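Undergrad: Next comes work-v9.txt, compact mmCIF, C-alpha atoms:
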```txt
# COMPACT_ATOMS: atom_id res chain seq x y z
CA MET A 1 131.48 114.16 92.68
CA LYS A 2 128.34 112.40 91.52
CA ASP A 3 128.07 108.61 91.20
CA THR A 4 129.77 107.56 87.94
CA ALA A 5 127.94 104.26 87.40
CA PRO A 6 127.01 103.74 83.70
CA GLN A 7 123.90 105.77 82.84
CA THR A 8 124.11 106.02 79.03
CA ALA A 9 120.35 105.59 78.66
CA ASN A 10 119.85 108.66 80.86
CA ALA A 11 122.52 110.87 79.30
CA GLY A 12 121.87 114.51 80.11
CA LYS A 13 119.38 113.65 82.84
CA PHE A 14 119.70 113.75 86.63
CA GLU A 15 122.49 116.33 86.52
CA ASP A 16 120.98 119.42 88.14
CA PRO A 17 119.20 119.01 91.50
CA GLN A 18 117.04 122.06 90.73
CA VAL A 19 115.79 121.36 87.19
CA THR A 20 115.36 118.42 84.83
CA ALA A 21 117.10 118.09 81.46
CA ASP A 22 114.27 120.00 79.74
CA GLY A 23 114.35 122.82 82.29
CA ALA A 24 111.29 121.86 84.35
CA PRO A 25 111.41 122.24 88.14
CA ARG A 26 112.68 119.01 89.66
CA ALA A 27 110.47 117.38 92.27
CA LYS A 28 111.69 117.59 95.86
CA VAL A 29 110.55 115.66 98.90
CA PRO A 30 110.38 117.18 102.38
CA LEU A 31 110.90 115.06 105.47
CA ARG A 32 107.33 115.18 106.71
CA ALA A 33 107.01 112.48 109.36
CA PRO A 34 110.11 110.31 109.83
CA GLN A 35 108.97 106.80 110.66
CA THR A 36 112.14 104.75 110.11
CA LEU A 37 115.79 105.39 110.86
CA TRP A 38 118.07 102.91 109.12
CA PHE A 39 121.58 101.96 110.14
CA ASN A 40 123.92 100.37 107.64
CA THR A 41 125.88 97.98 109.83
CA GLY A 42 128.74 97.73 107.29
CA THR A 43 129.14 96.49 103.72
CA LEU A 44 130.97 93.26 104.58
CA CYS A 45 128.92 90.18 103.73
CA ASN A 46 129.49 86.44 103.84
CA ILE A 47 128.48 86.11 100.16
CA GLU A 48 128.72 88.20 96.98
CA CYS A 49 125.50 88.46 94.97
CA ARG A 50 125.46 89.09 91.24
CA ASN A 51 123.38 92.27 91.38
CA CYS A 52 123.90 93.65 94.87
CA TYR A 53 123.08 97.37 94.68
CA ILE A 54 125.53 98.16 97.51
CA LEU A 55 128.29 95.82 96.23
CA SER A 56 128.49 93.91 99.51
CA SER A 57 131.06 91.13 99.62
CA PRO A 58 133.52 89.39 101.96
CA THR A 59 136.08 92.11 101.10
CA ASN A 60 134.10 95.35 100.63
CA ASP A 61 134.44 97.47 103.77
CA ALA A 62 133.71 100.82 102.13
CA LEU A 63 131.12 101.20 104.88
CA VAL A 64 132.63 100.00 108.14
CA TYR A 65 130.92 98.51 111.16
CA ILE A 66 128.65 100.93 113.01
CA THR A 67 128.90 100.60 116.79
CA GLU A 68 126.42 100.34 119.64
CA ALA A 69 127.65 103.67 121.03
CA GLU A 70 127.00 105.38 117.68
CA VAL A 71 123.51 103.87 117.50
CA HIS A 72 122.77 105.16 121.01
CA ASP A 73 123.84 108.65 119.91
CA TYR A 74 121.34 108.69 117.04
CA LEU A 75 118.58 107.26 119.22
CA ASP A 76 119.23 110.18 121.56
CA GLN A 77 118.98 112.54 118.58
CA ILE A 78 115.59 111.10 117.64
CA GLY A 79 114.27 112.17 121.01
CA ALA A 80 116.01 115.54 120.93
CA ARG A 81 114.58 116.38 117.49
CA GLY A 82 111.11 115.04 118.32
CA TRP A 83 111.06 112.69 115.33
CA PRO A 84 108.01 110.36 115.45
CA VAL A 85 110.12 107.32 114.54
CA ARG A 86 108.48 103.96 115.20
CA GLU A 87 111.03 101.64 113.55
CA ILE A 88 114.79 101.20 113.59
CA GLY A 89 116.07 99.23 110.58
CA PHE A 90 119.44 97.51 110.22
CA THR A 91 120.83 96.60 106.81
CA GLY A 92 124.21 95.76 105.34
CA GLY A 93 126.13 93.99 104.03
CA GLU A 94 125.08 91.18 106.28
CA PRO A 95 124.14 92.75 109.63
CA PHE A 96 125.10 89.69 111.64
CA MET A 97 128.70 90.07 110.46
CA ASN A 98 128.81 93.09 112.79
CA PRO A 99 129.85 91.84 116.26
CA GLU A 100 127.60 94.43 117.96
CA MET A 101 124.40 93.60 116.04
CA ILE A 102 122.57 92.02 118.97
CA ALA A 103 123.57 94.86 121.29
CA MET A 104 122.42 97.47 118.76
CA ALA A 105 119.07 95.75 118.31
CA ARG A 106 118.66 95.52 122.08
CA ALA A 107 119.41 99.24 122.46
CA ALA A 108 116.60 100.15 120.06
CA LEU A 109 114.11 97.63 121.45
CA GLU A 110 114.67 98.73 125.04
CA ARG A 111 113.75 102.28 124.02
CA GLY A 112 110.42 101.05 122.68
CA PHE A 113 111.16 101.03 118.94
CA GLU A 114 110.25 98.26 116.55
CA VAL A 115 113.37 96.70 115.03
CA LEU A 116 113.74 95.32 111.51
CA ILE A 117 116.94 93.46 110.55
CA LEU A 118 117.61 92.58 106.90
CA THR A 119 119.57 89.32 106.66
CA ASN A 120 120.32 86.36 104.42
CA ALA A 121 119.82 84.08 107.48
CA MET A 122 122.99 82.19 106.67
CA ARG A 123 126.10 81.33 108.67
CA PRO A 124 126.70 84.68 110.44
CA MET A 125 123.20 84.51 111.93
CA MET A 126 123.59 80.86 112.88
CA ARG A 127 126.52 81.31 115.26
CA PRO A 128 125.55 80.16 118.79
CA ARG A 129 126.19 83.59 120.33
CA VAL A 130 123.90 85.25 117.81
CA GLN A 131 121.24 82.57 118.21
CA ASP A 132 121.27 83.03 121.98
CA GLY A 133 120.92 86.78 121.52
CA LEU A 134 118.01 86.47 119.10
CA ARG A 135 116.19 84.07 121.43
CA ASP A 136 116.59 86.53 124.30
CA LEU A 137 115.42 89.49 122.22
CA ALA A 138 112.38 87.62 120.90
CA ALA A 139 111.45 86.45 124.39
CA ALA A 140 111.72 89.96 125.82
CA HIS A 141 110.23 91.97 122.96
CA GLY A 142 108.06 89.61 120.91
CA ASP A 143 106.96 90.76 117.47
CA ARG A 144 108.62 94.18 117.87
CA LEU A 145 111.67 92.33 116.50
CA THR A 146 111.37 91.18 112.90
CA LEU A 147 113.98 89.69 110.58
CA ARG A 148 113.41 90.27 106.86
CA ILE A 149 114.98 87.37 104.98
CA SER A 150 116.34 87.85 101.48
CA ILE A 151 114.87 85.17 99.22
CA ASP A 152 115.36 86.47 95.72
CA HIS A 153 112.99 83.87 94.29
CA TRP A 154 110.80 81.12 95.71
CA SER A 155 112.73 78.55 93.66
CA GLU A 156 116.19 77.24 94.47
CA HIS A 157 117.26 77.62 90.83
CA HIS A 158 116.71 81.37 90.53
CA HIS A 159 117.77 82.21 94.08
CA ASP A 160 121.08 80.34 93.72
CA ALA A 161 121.71 81.94 90.31
CA GLU A 162 121.89 85.26 92.14
CA ARG A 163 123.53 84.20 95.42
CA GLY A 164 125.59 81.11 94.65
CA ARG A 165 125.09 77.35 94.74
CA GLY A 166 123.68 76.12 98.03
CA ALA A 167 122.54 79.55 99.22
CA PHE A 168 118.84 78.66 99.06
CA ASP A 169 119.22 75.62 101.30
CA LYS A 170 121.37 77.53 103.81
CA THR A 171 118.82 80.35 103.99
CA LEU A 172 115.97 77.89 104.51
CA GLU A 173 117.98 76.26 107.30
CA GLY A 174 118.26 79.62 109.01
CA MET A 175 114.57 80.34 108.52
CA ARG A 176 113.62 77.00 110.05
CA TRP A 177 115.71 77.88 113.07
CA LEU A 178 113.99 81.28 113.35
CA ARG A 179 110.58 79.62 113.00
CA ASP A 180 111.35 77.19 115.81
CA ALA A 181 112.88 79.93 117.99
CA GLY A 182 109.75 82.07 117.66
CA VAL A 183 111.42 84.98 115.88
CA ALA A 184 109.09 86.93 113.58
CA MET A 185 110.03 86.84 109.90
CA THR A 186 109.16 88.58 106.66
CA VAL A 187 110.68 88.03 103.20
CA ALA A 188 112.18 90.23 100.48
CA GLY A 189 112.16 88.97 96.90
CA ARG A 190 112.81 90.42 93.46
CA THR A 191 110.68 90.89 90.34
CA VAL A 192 113.20 90.14 87.60
CA TRP A 193 112.21 86.61 86.69
CA GLY A 194 109.68 87.18 83.91
CA GLU A 195 106.68 86.20 85.99
CA THR A 196 103.65 88.17 87.11
CA GLU A 197 103.31 89.37 90.67
CA ALA A 198 100.48 86.87 91.15
CA GLN A 199 102.72 84.01 89.99
CA ALA A 200 105.50 85.15 92.31
CA ARG A 201 103.19 85.34 95.29
CA ASP A 202 101.76 81.91 94.47
CA GLY A 203 105.28 80.52 94.51
CA TYR A 204 106.14 82.12 97.84
CA ARG A 205 102.82 81.01 99.31
CA ALA A 206 103.57 77.40 98.42
CA LEU A 207 107.08 77.68 99.87
CA PHE A 208 105.82 79.17 103.15
CA ALA A 209 103.12 76.51 103.48
CA ARG A 210 105.56 73.71 102.80
CA GLU A 211 108.00 75.00 105.44
CA GLY A 212 105.44 76.11 108.01
CA PHE A 213 106.57 79.75 107.89
CA ALA A 214 103.99 82.16 109.31
CA ILE A 215 104.50 84.71 106.53
CA ASP A 216 101.64 86.17 104.46
CA ALA A 217 102.62 85.89 100.80
CA ASP A 218 99.83 88.29 99.76
CA ASP A 219 100.76 91.11 102.16
CA PRO A 220 103.19 93.50 100.39
CA ALA A 221 104.65 94.46 103.76
CA ARG A 222 105.34 90.83 104.67
CA THR A 223 106.47 89.54 101.29
CA VAL A 224 108.15 92.53 99.71
CA LEU A 225 108.89 92.27 95.98
CA PHE A 226 111.47 94.81 94.85
CA PRO A 227 111.90 96.06 91.27
CA GLU A 228 115.35 95.85 89.74
CA MET A 229 117.61 98.87 90.27
CA ASP A 230 119.27 99.11 86.86
CA GLU A 231 120.77 102.54 86.19
CA SER A 232 121.32 101.67 82.50
CA VAL A 233 117.54 101.62 81.83
CA GLU A 234 116.03 104.89 80.68
CA VAL A 235 113.56 106.41 83.12
CA PRO A 236 111.76 109.76 83.15
CA GLU A 237 112.80 112.55 85.48
CA ILE A 238 110.25 113.50 88.12
CA THR A 239 109.08 117.12 87.92
CA THR A 240 106.84 119.00 90.31
CA ALA A 241 104.00 118.51 87.82
CA CYS A 242 104.36 114.72 88.01
CA TRP A 243 102.66 114.47 91.39
CA ASP A 244 99.29 115.48 89.94
CA ILE A 245 99.86 113.60 86.68
CA LEU A 246 100.66 110.37 88.53
CA GLY A 247 98.12 110.91 91.30
CA LYS A 248 100.85 110.67 93.92
CA SER A 249 102.16 112.79 96.75
CA PRO A 250 105.71 113.59 97.91
CA GLY A 251 104.67 111.92 101.16
CA ASP A 252 104.44 108.58 99.31
CA VAL A 253 108.18 108.51 98.61
CA MET A 254 110.60 106.73 100.94
CA CYS A 255 112.71 109.81 101.70
CA ALA A 256 109.66 111.56 103.14
CA SER A 257 109.70 109.18 106.08
CA SER A 258 113.19 107.71 106.48
CA ARG A 259 116.92 108.38 106.63
CA MET A 260 119.96 106.06 106.84
CA VAL A 261 123.10 106.32 108.96
CA VAL A 262 126.38 104.98 107.53
CA LYS A 263 130.01 105.11 108.56
CA ARG A 264 132.51 105.42 105.73
CA ARG A 265 135.94 103.83 105.95
CA GLY A 266 138.34 106.40 107.39
CA ALA A 267 135.62 108.76 108.64
CA ASP A 268 135.69 109.99 112.22
CA ARG A 269 131.90 110.01 112.54
CA PRO A 270 128.91 108.45 110.82
CA ALA A 271 126.91 110.39 108.23
CA VAL A 272 123.20 110.57 107.51
CA LEU A 273 121.95 109.80 104.00
CA SER A 274 118.60 110.70 102.48
CA CYS A 275 118.15 107.27 100.92
CA THR A 276 119.00 103.67 101.71
CA LEU A 277 119.56 102.92 98.01
CA LEU A 278 122.31 105.47 97.29
CA PRO A 279 125.06 104.83 99.83
CA TYR A 280 127.96 105.97 97.66
CA ASP A 281 126.58 109.09 95.99
CA PRO A 282 127.80 112.18 97.89
CA GLU A 283 124.88 114.24 96.61
CA PHE A 284 122.59 112.30 98.94
CA GLU A 285 124.75 112.70 102.05
CA MET A 286 123.10 115.26 104.32
CA GLY A 287 125.53 115.74 107.20
CA GLU A 288 126.46 114.05 110.45
CA THR A 289 123.33 114.81 112.48
CA LEU A 290 119.60 114.27 112.20
CA GLU A 291 119.09 118.02 112.37
CA GLU A 292 121.13 118.45 109.19
CA ALA A 293 119.14 115.63 107.57
CA GLU A 294 115.82 117.46 107.90
CA ARG A 295 116.16 119.35 104.62
CA ASP A 296 114.34 118.51 101.37
CA VAL A 297 115.63 115.82 99.00
CA ALA A 298 115.80 116.50 95.26
CA LEU A 299 114.78 113.45 93.21
CA ASN A 300 117.96 113.61 91.15
CA HIS A 301 118.74 109.95 90.46
CA PRO A 302 117.21 107.19 88.26
CA HIS A 303 116.41 105.16 91.40
CA CYS A 304 114.21 108.00 92.62
CA ALA A 305 112.04 107.65 89.54
CA LYS A 306 112.02 103.93 88.80
CA PHE A 307 112.24 102.43 92.26
CA CYS A 308 110.37 104.89 94.46
CA VAL A 309 107.99 107.12 92.50
CA LEU A 310 107.06 104.83 89.59
CA GLY A 311 107.79 101.49 91.25
CA GLY A 312 106.15 102.45 94.51
CA ALA A 313 108.72 100.48 96.52
CA SER A 314 109.68 101.03 100.11
CA CYS A 315 112.34 99.46 102.26
CA SER A 316 110.13 99.63 105.35
CA GLY A 317 107.11 97.54 106.23
```
Turn this file's structure into structure tokens for me.

TA:
Amino acid sequence: MKDTAPQTANAGKFEDPQVTADGAPRAKVPLRAPQTLWFNTGTLCNIECRNCYILSSPTNDALVYITEAEVHDYLDQIGARGWPVREIGFTGGEPFMNPEMIAMARAALERGFEVLILTNAMRPMMRPRVQDGLRDLAAAHGDRLTLRISIDHWSEHHHDAERGRGAFDKTLEGMRWLRDAGVAMTVAGRTVWGETEAQARDGYRALFAREGFAIDADDPARTVLFPEMDESVEVPEITTACWDILGKSPGDVMCASSRMVVKRRGADRPAVLSCTLLPYDPEFEMGETLEEAERDVALNHPHCAKFCVLGGASCSG
């Protein structure tokens, strides 16, 4: 059954994976050169944000904790399939809620991968055991370990409106600790505040300078600004003809170079998804193995159009 989130603005669209509402061939994306394998560490989070696309919260365990042993299995599969993966990404939920987060990061780093962990840098990350683990990983692996910190806006007012009163200060406290511990950081923000990209980057630049954070506000891979994922907004379907019209290639889209592993509550084994943004839609679940996940992905969801093709966003660096 397809995701039933409200899509009244797109009524009649995104229903058939083969053709669009007007009968044109729907665009598909082959997995050409997988660069990033993501692991969702679980949907539990220490906070509940107003517009969390994955509905993470202190009570949502729809995706349960992935384990170190399961991560090792997929790292083995990368080698067996000959995937040219350079980066292992961990997202949630809040990854540091997972008790095996440090061990999972270590497993990937020791195999030579770069590791990216998406975090709010709040209390779960600030536990002494986690801090000790991050210090050890940074000392052993340097900048191959990066934490991407969620700062929805460079101002306390807007950030706290999304994440709750006091969240901005707690995140900055965590970032100061990371700065002093020598752990590499990047930032993820949002573009929903009625300001231009230049104004947003100016704001982040001032924040980073004030705090002494070695983060380039002008580098889109270091300060990532994500468009809003609102399924109620009308977007066009992407046909095979759109690539030439837009001057883009299927290789530009996130699912050409990445997959995500999740473990659903009650499942015996993890599953591989084509997209990090659609964790609950069964249409985008590809099977339990990387081999099964090598097939083409039909761009049959509003996020495919607005976020990836038209918005040009990517969850990786």

Undergrad: Which residue, A:Val233, A:Ala161, A:Ala139, A:Ile117, has the smallest gap to Thr186 in chain A when you use all atoms listed in the file?

TA: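 Looking only at the distances to Thr186 in chain A, the closest residue turns out to be A:Ile117.
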
Undergrad: Using only C-alpha atoms, which residues sit within 12 Å of Ile215 in chain A once same-chain residues fewer than 2 positions away are excluded, as number ranges by chain?

TA: A: 146-149, 175, 179, 183-188, 201, 204-213, 217-224

Undergrad: Taking (118.4, 79.0, 109.9) in the coordinates of the supplied file, I want to know which residues reach to within 9 Å of it, counting only C-alpha atoms; could you give the answer as a list of chain:residue names?

TA: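 Here is the list of nearby residues: A:Ala121, A:Met122, A:Arg123, A:Met125, A:Met126, A:Lys170, A:Thr171, A:Leu172, A:Glu173, A:Gly174, A:Met175, A:Arg176, A:Trp177, A:Leu178, A:Arg179.
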
Undergrad: So that I can check the surroundings of Thr240 in chain A, please list as a list in words every protein, DNA and RNA residue that reaches within 10 Å of it, counting all atoms listed in the file and ignoring chain neighbours fewer than 3 positions away.

TA: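 Residues near the query, excluding close chain neighbours: Val19, Ala24, Pro25, Arg26, Ala27, Lys28, Val29, Trp243, Asp244, Ile245 and Pro250 of chain A.
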
Undergrad: Show me, as a list in words, the residues that have an atom within 7 Å of Val261 in chain A when counting all atoms listed in the file, minus same-chain residues fewer than 3 positions from it.

TA: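 Near neighbours after the sequence-gap exclusion: Trp38, Phe39, Asn40, Pro270, Ala271, Val272 and Leu273 of chain A.
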
Undergrad: Write out as a VMD selection string each polymer residue whose atoms come within 10 Å of Thr36 in chain A, counting only C-alpha atoms; drop sequence neighbours fewer than 3 positions from it.

TA: chain A and resid 33 39 83 to 89 113 to 116 254 to 255 257 to 260 315 to 317

Undergrad: Write to file, as a short mmCIF file (atom, residue, chain, number, x, y, z; two decimals), in the coordinates of the input, the residues of the selection just made, with C-alpha atoms.

TA:
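New file out-v3.cif:
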```
data_model
loop_
_atom_site.label_atom_id
_atom_site.label_comp_id
_atom_site.auth_asym_id
_atom_site.auth_seq_id
_atom_site.Cartn_x
_atom_site.Cartn_y
_atom_site.Cartn_z
CA ALA A 33 107.01 112.48 109.36
CA PHE A 39 121.58 101.96 110.14
CA TRP A 83 111.06 112.69 115.33
CA PRO A 84 108.01 110.36 115.45
CA VAL A 85 110.12 107.32 114.54
CA ARG A 86 108.48 103.96 115.20
CA GLU A 87 111.03 101.64 113.55
CA ILE A 88 114.79 101.20 113.59
CA GLY A 89 116.07 99.23 110.58
CA PHE A 113 111.16 101.03 118.94
CA GLU A 114 110.25 98.26 116.55
CA VAL A 115 113.37 96.70 115.03
CA LEU A 116 113.74 95.32 111.51
CA MET A 254 110.60 106.73 100.94
CA CYS A 255 112.71 109.81 101.70
CA SER A 257 109.70 109.18 106.08
CA SER A 258 113.19 107.71 106.48
CA ARG A 259 116.92 108.38 106.63
CA MET A 260 119.96 106.06 106.84
CA CYS A 315 112.34 99.46 102.26
CA SER A 316 110.13 99.63 105.35
CA GLY A 317 107.11 97.54 106.23
#
```

Undergrad: If you count all atoms listed in the file, which residues fall within 12 Å of range 94-99 of chain A, apart from same-chain ones fewer than 5 positions away, as a tab-separated table (two decimals) with C-alpha atoms, in the coordinates of the input?

TA:
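To be explicit, this is the file written out as out_16.tsv:
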```tsv
chain	number	residue	atom	x	y	z
A	38	TRP	CA	118.07	102.91	109.12
A	39	PHE	CA	121.58	101.96	110.14
A	40	ASN	CA	123.92	100.37	107.64
A	41	THR	CA	125.88	97.98	109.83
A	42	GLY	CA	128.74	97.73	107.29
A	43	THR	CA	129.14	96.49	103.72
A	44	LEU	CA	130.97	93.26	104.58
A	45	CYS	CA	128.92	90.18	103.73
A	46	ASN	CA	129.49	86.44	103.84
A	47	ILE	CA	128.48	86.11	100.16
A	48	GLU	CA	128.72	88.20	96.98
A	49	CYS	CA	125.50	88.46	94.97
A	52	CYS	CA	123.90	93.65	94.87
A	54	ILE	CA	125.53	98.16	97.51
A	55	LEU	CA	128.29	95.82	96.23
A	56	SER	CA	128.49	93.91	99.51
A	57	SER	CA	131.06	91.13	99.62
A	58	PRO	CA	133.52	89.39	101.96
A	60	ASN	CA	134.10	95.35	100.63
A	61	ASP	CA	134.44	97.47	103.77
A	63	LEU	CA	131.12	101.20	104.88
A	64	VAL	CA	132.63	100.00	108.14
A	65	TYR	CA	130.92	98.51	111.16
A	66	ILE	CA	128.65	100.93	113.01
A	67	THR	CA	128.90	100.60	116.79
A	68	GLU	CA	126.42	100.34	119.64
A	89	GLY	CA	116.07	99.23	110.58
A	104	MET	CA	122.42	97.47	118.76
A	105	ALA	CA	119.07	95.75	118.31
A	116	LEU	CA	113.74	95.32	111.51
A	117	ILE	CA	116.94	93.46	110.55
A	118	LEU	CA	117.61	92.58	106.90
A	119	THR	CA	119.57	89.32	106.66
A	120	ASN	CA	120.32	86.36	104.42
A	121	ALA	CA	119.82	84.08	107.48
A	122	MET	CA	122.99	82.19	106.67
A	123	ARG	CA	126.10	81.33	108.67
A	124	PRO	CA	126.70	84.68	110.44
A	125	MET	CA	123.20	84.51	111.93
A	126	MET	CA	123.59	80.86	112.88
A	127	ARG	CA	126.52	81.31	115.26
A	128	PRO	CA	125.55	80.16	118.79
A	129	ARG	CA	126.19	83.59	120.33
A	130	VAL	CA	123.90	85.25	117.81
A	131	GLN	CA	121.24	82.57	118.21
A	133	GLY	CA	120.92	86.78	121.52
A	134	LEU	CA	118.01	86.47	119.10
A	147	LEU	CA	113.98	89.69	110.58
A	148	ARG	CA	113.41	90.27	106.86
A	149	ILE	CA	114.98	87.37	104.98
A	150	SER	CA	116.34	87.85	101.48
```

Undergrad: Measuring atom to atom with only C-alpha atoms, identify which of A:Asp252, A:Ala167, A:Glu228, A:Glu288 is nearest to Ala267 in chain A.

TA: A:Glu288

Undergrad: With all atoms listed in the file as the basis for distance, which of A:Leu31, A:Ala138, A:Ala9, A:Leu145 is at the shortest distance from Asp296 in chain A?

TA: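 Residue with the minimum atom-to-atom distance to Asp296 in chain A: A:Leu31.
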
Undergrad: If I take CA of Phe226 in chain A and CA of Arg190 in chain A, how far is one from the other in Å, to one decimal?

TA: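 Going from CA of Phe226 in chain A over to CA of Arg190 in chain A covers 4.8 Å.
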
Undergrad: Quick one, how far is CA of Glu283 in chain A from CA of Gly266 in chain A?

TA: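 Going from CA of Glu283 in chain A over to CA of Gly266 in chain A covers 18.9 Å.
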
Undergrad: What is the CA of Asn51 in chain A to CA of Pro17 in chain A distance in Å?

TA: 27.1 Å

Undergrad: When you count only C-alpha atoms, which of these residues is closest to Arg269 in chain A: A:Val71, A:Ala293, A:Leu109, A:Leu137?

TA: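 The closest residue to Arg269 in chain A is A:Val71.
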
Undergrad: Would you list the residues near (115.1, 111.7, 120.1) (no more than 12 Å away, in the coordinates of the file, using only C-alpha atoms) as a list in words?

TA: Pro34, Leu37, Val71, His72, Asp73, Tyr74, Leu75, Asp76, Gln77, Ile78, Gly79, Ala80, Arg81, Gly82, Trp83, Pro84, Val85, Arg86, Ala108, Arg111, Gly112, Phe113, Thr289, Leu290 and Glu291 of chain A
